[in-house]
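Participant: I am sharing coords33.txt, which consists of compact mmCIF, C-alpha atoms and all ligand atoms:
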# COMPACT_ATOMS: atom_id res chain seq x y z
CA MET X 1 12.01 6.93 -24.65
CA ARG X 2 8.78 5.00 -24.13
CA ILE X 3 5.90 7.21 -22.98
CA ALA X 4 2.72 5.85 -21.39
CA MET X 5 -0.33 8.14 -21.33
CA VAL X 6 -2.83 7.13 -18.66
CA GLN X 7 -6.08 8.68 -19.88
CA LEU X 8 -8.13 8.31 -16.72
CA ALA X 9 -11.79 9.03 -15.91
CA SER X 10 -12.87 10.70 -12.64
CA PRO X 11 -16.54 9.72 -12.18
CA PRO X 12 -18.30 11.81 -9.49
CA GLU X 13 -19.44 8.75 -7.51
CA GLU X 14 -15.86 7.49 -7.00
CA SER X 15 -13.88 8.79 -4.01
CA PRO X 16 -10.32 10.09 -4.46
CA GLU X 17 -9.13 7.16 -2.29
CA ASP X 18 -10.80 4.58 -4.56
CA ARG X 19 -9.58 6.47 -7.62
CA ARG X 20 -5.97 6.34 -6.47
CA VAL X 21 -6.28 2.55 -6.15
CA ARG X 22 -7.94 2.19 -9.58
CA ALA X 23 -5.38 4.53 -11.17
CA GLY X 24 -2.66 2.27 -9.78
CA SER X 25 -4.03 -0.71 -11.70
CA LEU X 26 -3.95 1.33 -14.95
CA VAL X 27 -0.45 2.63 -14.22
CA ALA X 28 0.70 -0.99 -13.72
CA GLN X 29 -0.09 -1.54 -17.44
CA ALA X 30 2.64 0.99 -18.23
CA ARG X 31 5.47 -1.38 -17.26
CA GLY X 32 8.40 -0.82 -19.60
CA ALA X 33 7.68 2.90 -20.03
CA ASP X 34 10.31 5.51 -19.17
CA LEU X 35 7.74 8.25 -18.59
CA VAL X 36 4.17 7.75 -17.34
CA VAL X 37 1.79 10.74 -17.49
CA LEU X 38 -1.67 11.22 -15.92
CA PRO X 39 -4.31 13.99 -16.43
CA GLU X 40 -5.04 17.20 -14.53
CA LEU X 41 -6.64 16.92 -11.05
CA TRP X 42 -7.76 13.33 -11.66
CA ALA X 43 -7.84 12.37 -7.95
CA ALA X 44 -10.02 15.31 -6.87
CA GLY X 45 -11.92 15.52 -10.18
CA TYR X 46 -11.35 18.80 -12.07
CA PHE X 47 -15.07 19.67 -12.20
CA ALA X 48 -15.77 18.79 -8.52
CA PHE X 49 -15.36 22.48 -7.56
CA ASP X 50 -17.49 22.24 -4.37
CA ARG X 51 -15.10 19.60 -3.06
CA TYR X 52 -11.81 21.37 -3.79
CA PRO X 53 -11.27 22.51 -0.16
CA GLU X 54 -11.82 19.04 1.31
CA ARG X 55 -9.83 17.31 -1.45
CA ALA X 56 -6.85 19.65 -1.30
CA GLU X 57 -3.65 18.08 0.00
CA PRO X 58 -0.14 19.20 0.93
CA LEU X 59 2.52 18.59 -1.70
CA GLU X 60 3.67 15.56 0.27
CA GLY X 61 0.12 14.21 0.46
CA PRO X 62 -1.60 10.96 -0.55
CA THR X 63 -1.43 11.45 -4.34
CA VAL X 64 2.30 12.16 -4.38
CA ALA X 65 2.75 9.19 -2.01
CA VAL X 66 1.08 6.71 -4.41
CA ALA X 67 2.80 8.20 -7.47
CA ARG X 68 6.14 7.85 -5.68
CA GLU X 69 5.42 4.15 -5.18
CA TRP X 70 4.46 3.80 -8.87
CA ALA X 71 7.70 5.51 -9.96
CA ARG X 72 9.81 3.20 -7.79
CA ALA X 73 7.92 0.06 -8.82
CA LEU X 74 8.18 0.85 -12.55
CA GLY X 75 11.67 2.41 -12.40
CA ALA X 76 10.18 5.25 -14.47
CA PHE X 77 9.53 8.97 -14.33
CA VAL X 78 5.91 9.52 -13.31
CA HIS X 79 4.28 12.82 -14.13
CA LEU X 80 1.28 12.48 -11.86
CA GLY X 81 -0.75 15.13 -13.68
CA SER X 82 -1.77 17.60 -11.01
CA ILE X 83 -3.19 17.85 -7.50
CA ILE X 84 -5.04 20.54 -5.57
CA GLU X 85 -2.15 21.60 -3.39
CA ARG X 86 -2.73 23.42 -0.11
CA ASP X 87 0.36 25.48 0.72
CA GLN X 88 1.60 26.57 4.15
CA HIS X 89 -0.52 29.75 3.93
CA GLY X 90 -3.71 27.77 3.23
CA ARG X 91 -3.84 28.84 -0.44
CA LEU X 92 -4.89 26.27 -3.03
CA ALA X 93 -3.04 25.74 -6.32
CA ASN X 94 -3.28 23.37 -9.28
CA THR X 95 0.15 21.79 -8.95
CA ALA X 96 1.72 19.41 -11.47
CA VAL X 97 4.38 17.06 -10.11
CA LEU X 98 7.07 14.94 -11.79
CA LEU X 99 8.54 12.06 -9.76
CA ALA X 100 11.93 10.58 -10.67
CA PRO X 101 12.37 6.77 -10.76
CA ASP X 102 13.81 6.86 -7.22
CA GLY X 103 10.63 8.56 -5.98
CA THR X 104 12.08 12.02 -5.45
CA ILE X 105 10.21 15.08 -6.72
CA ALA X 106 12.03 16.18 -9.88
CA HIS X 107 9.79 19.10 -10.85
CA THR X 108 6.68 21.00 -9.82
CA TYR X 109 4.63 23.54 -11.74
CA ARG X 110 1.69 25.55 -10.38
CA LYS X 111 -0.79 26.31 -13.16
CA ILE X 112 -0.42 29.95 -14.18
CA HIS X 113 -3.59 30.44 -16.28
CA VAL X 114 -6.39 29.24 -14.02
CA PHE X 115 -9.65 28.76 -15.93
CA GLY X 116 -12.77 30.87 -15.42
CA TYR X 117 -15.06 30.01 -18.33
CA ALA X 118 -17.79 27.63 -17.05
CA SER X 119 -15.28 26.80 -14.32
CA ARG X 120 -14.71 27.90 -10.69
CA GLU X 121 -11.00 27.18 -10.87
CA ALA X 122 -10.05 30.86 -11.17
CA GLU X 123 -12.20 31.71 -8.11
CA LEU X 124 -10.87 28.89 -5.92
CA LEU X 125 -7.21 28.55 -6.85
CA THR X 126 -4.19 30.86 -6.74
CA PRO X 127 -2.22 31.07 -10.01
CA GLY X 128 1.40 29.97 -10.00
CA ASP X 129 4.30 32.38 -10.43
CA ARG X 130 7.25 30.11 -11.32
CA LEU X 131 8.40 28.52 -14.56
CA GLU X 132 11.20 25.99 -14.23
CA ILE X 133 12.78 23.19 -16.20
CA ALA X 134 13.80 19.69 -15.06
CA GLU X 135 16.93 17.98 -16.39
CA THR X 136 16.24 14.31 -17.16
CA PRO X 137 18.13 11.56 -19.02
CA PHE X 138 15.63 12.22 -21.86
CA GLY X 139 16.36 15.94 -22.12
CA ARG X 140 14.99 19.07 -20.49
CA PHE X 141 11.36 18.85 -19.43
CA GLY X 142 8.89 21.64 -18.77
CA ALA X 143 5.19 21.49 -17.90
CA THR X 144 2.11 23.57 -18.57
CA THR X 145 -1.42 22.61 -17.53
CA CYS X 146 -4.50 22.44 -19.77
CA TYR X 147 -5.77 26.05 -20.35
CA ASP X 148 -2.10 27.19 -20.48
CA LEU X 149 -2.13 25.70 -24.01
CA ARG X 150 -3.89 28.86 -25.17
CA PHE X 151 -1.05 31.17 -24.05
CA PRO X 152 1.92 30.92 -26.43
CA GLU X 153 3.99 33.45 -24.46
CA LEU X 154 4.12 30.99 -21.56
CA TRP X 155 5.39 28.30 -23.92
CA ARG X 156 8.03 30.64 -25.33
CA GLY X 157 9.09 31.28 -21.74
CA LEU X 158 9.68 27.53 -21.36
CA VAL X 159 11.68 27.38 -24.59
CA ASP X 160 13.76 30.35 -23.44
CA ARG X 161 14.55 28.33 -20.30
CA GLY X 162 15.70 25.38 -22.42
CA ALA X 163 12.63 23.10 -22.61
CA GLN X 164 12.77 20.29 -25.19
CA THR X 165 9.74 18.28 -24.02
CA VAL X 166 6.61 19.82 -22.53
CA VAL X 167 4.19 17.66 -20.57
CA VAL X 168 0.56 18.89 -20.51
CA PRO X 169 -1.86 17.28 -18.06
CA ALA X 170 -5.42 18.35 -18.90
CA ALA X 171 -9.13 18.15 -18.11
CA TRP X 172 -10.29 19.48 -21.49
CA PRO X 173 -13.96 19.01 -22.35
CA ALA X 174 -15.11 17.13 -25.45
CA ALA X 175 -17.01 20.26 -26.52
CA ARG X 176 -13.70 21.90 -27.52
CA ARG X 177 -11.82 18.82 -28.71
CA GLU X 178 -10.80 20.44 -32.00
CA HIS X 179 -9.17 23.30 -30.06
CA TRP X 180 -7.25 20.67 -28.08
CA ARG X 181 -5.97 19.06 -31.26
CA LEU X 182 -5.15 22.40 -32.83
CA PHE X 183 -3.26 23.86 -29.84
CA THR X 184 -1.28 20.71 -29.02
CA THR X 185 -0.06 20.52 -32.63
CA CYS X 186 0.41 24.27 -32.92
CA ARG X 187 2.50 24.60 -29.73
CA ALA X 188 4.70 21.65 -30.81
CA VAL X 189 5.43 23.20 -34.22
CA GLU X 190 5.68 26.82 -33.07
CA GLU X 191 7.95 26.09 -30.08
CA GLN X 192 9.75 23.14 -31.72
CA VAL X 193 9.18 20.91 -28.70
CA LEU X 194 7.87 17.43 -28.10
CA VAL X 195 4.38 17.78 -26.61
CA VAL X 196 3.02 15.02 -24.35
CA ALA X 197 -0.59 16.05 -23.70
CA VAL X 198 -2.66 13.78 -21.46
CA ASN X 199 -6.36 14.51 -21.08
CA ALA X 200 -9.05 13.09 -18.82
CA ALA X 201 -11.89 10.91 -20.15
CA GLY X 202 -15.49 10.24 -19.16
CA ARG X 203 -18.21 12.27 -17.44
CA GLN X 204 -17.32 14.38 -14.40
CA ASP X 205 -19.30 16.48 -11.91
CA GLY X 206 -21.83 18.80 -13.49
CA GLY X 207 -22.28 16.30 -16.35
CA VAL X 208 -19.21 17.61 -18.21
CA GLU X 209 -17.91 15.12 -20.77
CA LEU X 210 -14.12 15.13 -20.99
CA GLY X 211 -12.49 14.93 -24.40
CA GLY X 212 -9.79 12.23 -24.13
CA HIS X 213 -7.62 12.10 -27.27
CA SER X 214 -4.39 12.36 -25.33
CA ARG X 215 -1.58 12.78 -27.81
CA VAL X 216 2.15 12.96 -28.42
CA VAL X 217 3.15 15.46 -31.10
CA ASP X 218 6.70 15.93 -32.33
CA PRO X 219 8.24 19.32 -33.26
CA TRP X 220 7.48 18.74 -36.94
CA GLY X 221 3.78 18.43 -36.09
CA THR X 222 3.64 14.68 -36.61
CA VAL X 223 1.14 13.06 -34.25
CA LEU X 224 3.07 10.06 -32.93
CA ALA X 225 0.14 8.66 -30.93
CA GLU X 226 -3.43 9.68 -30.18
CA ALA X 227 -5.85 7.96 -27.81
CA GLY X 228 -9.58 7.54 -28.35
CA ALA X 229 -12.30 9.17 -26.26
CA GLY X 230 -12.54 6.65 -23.41
CA GLU X 231 -10.35 5.50 -20.54
CA GLU X 232 -7.15 4.03 -21.95
CA VAL X 233 -3.42 3.48 -21.41
CA LEU X 234 -1.54 4.28 -24.62
CA CYS X 235 2.21 3.76 -25.11
CA CYS X 236 4.38 5.44 -27.68
CA ASP X 237 8.10 5.24 -28.52
CA VAL X 238 9.82 8.56 -29.16
CA ASP X 239 13.37 9.56 -30.00
CA PRO X 240 13.95 12.69 -27.87
CA ALA X 241 16.76 13.70 -30.30
CA VAL X 242 14.00 14.69 -32.75
CA VAL X 243 13.84 18.09 -31.04
CA ASP X 244 17.48 19.03 -31.70
CA ARG X 245 17.24 17.53 -35.18
CA VAL X 246 14.22 19.61 -36.21
CA ARG X 247 15.69 22.77 -34.62
CA ALA X 248 18.96 22.27 -36.54
CA GLU X 249 17.28 21.50 -39.88
CA PHE X 250 14.66 24.26 -39.67
CA PRO X 251 16.08 26.89 -37.30
CA VAL X 252 13.03 29.11 -36.96
CA LEU X 253 13.71 29.91 -33.28
CA ALA X 254 17.06 31.40 -34.30
CA ASP X 255 15.23 33.82 -36.63
CA ARG X 256 13.27 35.55 -33.85
CA ARG X 257 13.20 39.33 -33.85
CA TRP X 258 12.39 39.81 -30.18
CA PRO X 259 12.27 42.39 -28.77
CA LEU X 260 11.08 43.97 -32.01
CA ALA X 261 14.08 46.26 -32.35
CA GLY X 262 13.65 48.77 -35.16
CA VAL X 263 9.99 47.82 -35.72
CA ARG X 264 7.37 50.54 -35.24
N1 LIG X 301 -9.02 22.47 -17.28
C1 LIG X 301 -8.88 23.49 -18.09
O1 LIG X 301 -7.98 24.32 -17.95
C2 LIG X 301 -9.86 23.56 -19.21
C3 LIG X 301 -9.42 24.45 -20.36
C4 LIG X 301 -10.42 24.44 -21.48
O2 LIG X 301 -11.42 23.75 -21.42
C5 LIG X 301 -10.19 25.29 -22.65
O3 LIG X 301 -9.18 26.02 -22.70
O4 LIG X 301 -11.02 25.24 -23.57
Can the structure in the file be given as structure tokens, please?

Facilitator:
Amino acid sequence: MRIAMVQLASPPEESPEDRRVRAGSLVAQARGADLVVLPELWAAGYFAFDRYPERAEPLEGPTVAVAREWARALGAFVHLGSIIERDQHGRLANTAVLLAPDGTIAHTYRKIHVFGYASREAELLTPGDRLEIAETPFGRFGATTCYDLRFPELWRGLVDRGAQTVVVPAAWPAARREHWRLFTTCRAVEEQVLVVAVNAAGRQDGGVELGGHSRVVDPWGTVLAEAGAGEEVLCCDVDPAVVDRVRAEFPVLADRRWPLAGVR
């Protein structure tokens, strides 16, 4: 499986419309990839909190429409990162979307742990309440979004549902880049999954510098690819069978004692 990580910047002076066009020219560099992944809320800009209401879109809105065209043109799965989704009740959510090569929606995930530290996400968005897995020709995919990396019980919930690869779109600031590295490696090893973690780059609203360093980490903790700090498209070849191989050779998940029966 060839993975392309599109580590995109969302400068405040660029409109979502212009950004979708510019993102398309970066995505075009991913030709030959089987899976293309973009960051969290790149079209709206994660840190553009004042503009969330006006930049929210229905699931079948302009960002899904362009990503659908990219998926069809490349014949690839496109994980578009996430959008600010406005649902039928008017609530806003941070919704990650995976498009299949034929342009159909293969998976959605509404971010469960919305962020409140130096962020208005938790005030503006409604947390998700569903955790599902997508079957793909490259194995079973799950998704978590950015801050969710800090909550291992969510990841274990994905593993319990059969996840082998977890895609993580993010808008993770440079100030906590070492946490980003630590958690992406830690979740891969602890949950014995392939982690595809794609961060944003560049300066966003409020002068926040995003951390970049998108990475693919295998279940043994080997970093198969890691981007630099700036905008970049980085490709990486992965054998998805590595997940079953590591789980068979080192069956730590089979040794769980949960619930902790007999433990006081
Ligand atoms: N976009 C986010 O969820 C940011 C999370 C973050 O910066 C952190 O956990 O640290």

Participant: Skip segment 143-146 of chain X itself and residues of its chain fewer than 2 positions away, then list as a ChimeraX atom specification all residues within 10 Å of it, counting all atoms listed in the file.

Facilitator: /X:39-40,79,81-82,94-98,107-115,131-134,141,148-151,154-155,158,163,165-172,180,184,195-199

Participant: Would you export the selected residues with C-alpha atoms as a tab-separated table (two decimals), in the coordinates of the input, please?

Facilitator:
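Saved result, out_39.tsv, follows:
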chain	number	residue	atom	x	y	z
X	39	PRO	CA	-4.31	13.99	-16.43
X	40	GLU	CA	-5.04	17.20	-14.53
X	79	HIS	CA	4.28	12.82	-14.13
X	81	GLY	CA	-0.75	15.13	-13.68
X	82	SER	CA	-1.77	17.60	-11.01
X	94	ASN	CA	-3.28	23.37	-9.28
X	95	THR	CA	0.15	21.79	-8.95
X	96	ALA	CA	1.72	19.41	-11.47
X	97	VAL	CA	4.38	17.06	-10.11
X	98	LEU	CA	7.07	14.94	-11.79
X	107	HIS	CA	9.79	19.10	-10.85
X	108	THR	CA	6.68	21.00	-9.82
X	109	TYR	CA	4.63	23.54	-11.74
X	110	ARG	CA	1.69	25.55	-10.38
X	111	LYS	CA	-0.79	26.31	-13.16
X	112	ILE	CA	-0.42	29.95	-14.18
X	113	HIS	CA	-3.59	30.44	-16.28
X	114	VAL	CA	-6.39	29.24	-14.02
X	115	PHE	CA	-9.65	28.76	-15.93
X	131	LEU	CA	8.40	28.52	-14.56
X	132	GLU	CA	11.20	25.99	-14.23
X	133	ILE	CA	12.78	23.19	-16.20
X	134	ALA	CA	13.80	19.69	-15.06
X	141	PHE	CA	11.36	18.85	-19.43
X	148	ASP	CA	-2.10	27.19	-20.48
X	149	LEU	CA	-2.13	25.70	-24.01
X	150	ARG	CA	-3.89	28.86	-25.17
X	151	PHE	CA	-1.05	31.17	-24.05
X	154	LEU	CA	4.12	30.99	-21.56
X	155	TRP	CA	5.39	28.30	-23.92
X	158	LEU	CA	9.68	27.53	-21.36
X	163	ALA	CA	12.63	23.10	-22.61
X	165	THR	CA	9.74	18.28	-24.02
X	166	VAL	CA	6.61	19.82	-22.53
X	167	VAL	CA	4.19	17.66	-20.57
X	168	VAL	CA	0.56	18.89	-20.51
X	169	PRO	CA	-1.86	17.28	-18.06
X	170	ALA	CA	-5.42	18.35	-18.90
X	171	ALA	CA	-9.13	18.15	-18.11
X	172	TRP	CA	-10.29	19.48	-21.49
X	180	TRP	CA	-7.25	20.67	-28.08
X	184	THR	CA	-1.28	20.71	-29.02
X	195	VAL	CA	4.38	17.78	-26.61
X	196	VAL	CA	3.02	15.02	-24.35
X	197	ALA	CA	-0.59	16.05	-23.70
X	198	VAL	CA	-2.66	13.78	-21.46
X	199	ASN	CA	-6.36	14.51	-21.08

Participant: So the first atom is atom CA of Ser119 of chain X and the second is atom O2 of ligand LIG 301 (chain X); what is the distance between them in Å, to one decimal place?

Facilitator: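 Computing it gives 8.6 Å between the two atoms.
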
Participant: Please measure the separation of atom CA of Gly45 of chain X and atom CA of Asp205 of chain X, giving the value in Å to one decimal.

Facilitator: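 Distance between the two atoms: 7.6 Å.
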
Participant: Can you pull out every residue within 9 Å of Ala73 of chain X, counting only C-alpha atoms, but drop anything in the same chain fewer than 6 positions away, and send it as a PyMOL selection string?

Facilitator: chain X and resi 28+31+101

Participant: Just to be explicit: take each residue in the selection above, keep C-alpha atoms, and write the result as a PDB file, in the coordinates of the input.

Facilitator:
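What landed in selection25.pdb:
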ATOM      1  CA  ALA X  28       0.700  -0.990 -13.720  1.00  0.00           C
ATOM      2  CA  ARG X  31       5.470  -1.380 -17.260  1.00  0.00           C
ATOM      3  CA  PRO X 101      12.370   6.770 -10.760  1.00  0.00           C
TER       4      PRO X 101
END

Participant: Give the answer as one residue: which of X:Glu249, X:Glu178, X:Asp50, X:Glu226 has the shortest atom-to-atom distance to ligand LIG 301 (chain X), using all atoms listed in the file?

Facilitator: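 Comparing X:Glu249, X:Glu178, X:Asp50, X:Glu226 against ligand LIG 301 (chain X), the winner is X:Glu178.
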
Participant: Choose the residue, out of X:Phe250, X:Tyr52, X:Phe47, X:Trp220, that has the smallest atom-to-atom separation from Leu125 of chain X; count all atoms listed in the file.

Facilitator: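 Of X:Phe250, X:Tyr52, X:Phe47, X:Trp220, the one nearest Leu125 of chain X is X:Tyr52, counting all atoms listed in the file.
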
Participant: To one decimal place, how far is atom CA of Gly206 of chain X from atom CA of Val21 of chain X in Å?

Facilitator: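 Rounded to one decimal, the two atoms are 23.7 Å apart.
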
Participant: Which polymer residues have any atom within 9 Å of an atom of Pro219 of chain X, counting all atoms listed in the file, with same-chain residues fewer than 3 positions away left out, as a list in words?

Facilitator: Thr185, Arg187, Ala188, Val189, Glu190, Glu191, Gln192, Val193, Leu194, Val195, Thr222, Val242, Val243, Val246 and Arg247 of chain X

Participant: Smallest atom-to-atom distance to Ala227 of chain X: which of X:Val263, X:Ala201, X:Val208, X:Val64, using all atoms listed in the file?

Facilitator: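 When distances to Ala227 of chain X are compared using all atoms listed in the file, the smallest one comes from X:Ala201.
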
Participant: Excluding same-chain residues fewer than 3 positions from Ala71 of chain X, what lies within 7 Å of it counting only C-alpha atoms, as JSON, numbers by chain?

Facilitator: {"X": [67, 68, 74, 75, 76, 77, 78, 99, 100, 101, 102, 103]}

Participant: Using all atoms listed in the file, determine which residues lie at most 10 Å from Ala48 of chain X, disregarding the query and same-chain residues fewer than 5 positions distant; provide the list as JSON, numbers by chain.

Facilitator: {"X": [10, 11, 12, 41, 55, 119, 120, 121, 204, 205, 206]}

Participant: At a cut-off of 9 Å from (-1.8, 3.5, -23.1) in the coordinates of the file, what residues are picked up using all atoms listed in the file, written as a list in words?

Facilitator: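 Using all atoms listed in the file, the matching residues come out as Ile3, Ala4, Met5, Val6, Gln7, Leu26, Gln29, Ala30, Ala227, Glu232, Val233, Leu234, Cys235 and Cys236 of chain X.
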
Participant: Restricting the calculation to only C-alpha atoms and all ligand atoms, which member of X:Ala122, X:Ala65, X:Ala248, X:Ile105 is positioned closest to ligand LIG 301 (chain X)?

Facilitator: X:Ala122

Participant: Tell me which of X:Leu224, X:Ala118, X:Val217, X:Val159 sits closest to ligand LIG 301 (chain X), counting all atoms listed in the file.

Facilitator: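 Of the candidates, the smallest distance to ligand LIG 301 (chain X) is held by X:Ala118.
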
Participant: Pick the closest to Glu231 of chain X from X:Leu38, X:Met1, X:Ala254, X:Ala106: which is it, counting only C-alpha atoms?

Facilitator: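 Distance minimum relative to Glu231 of chain X lands on X:Leu38.
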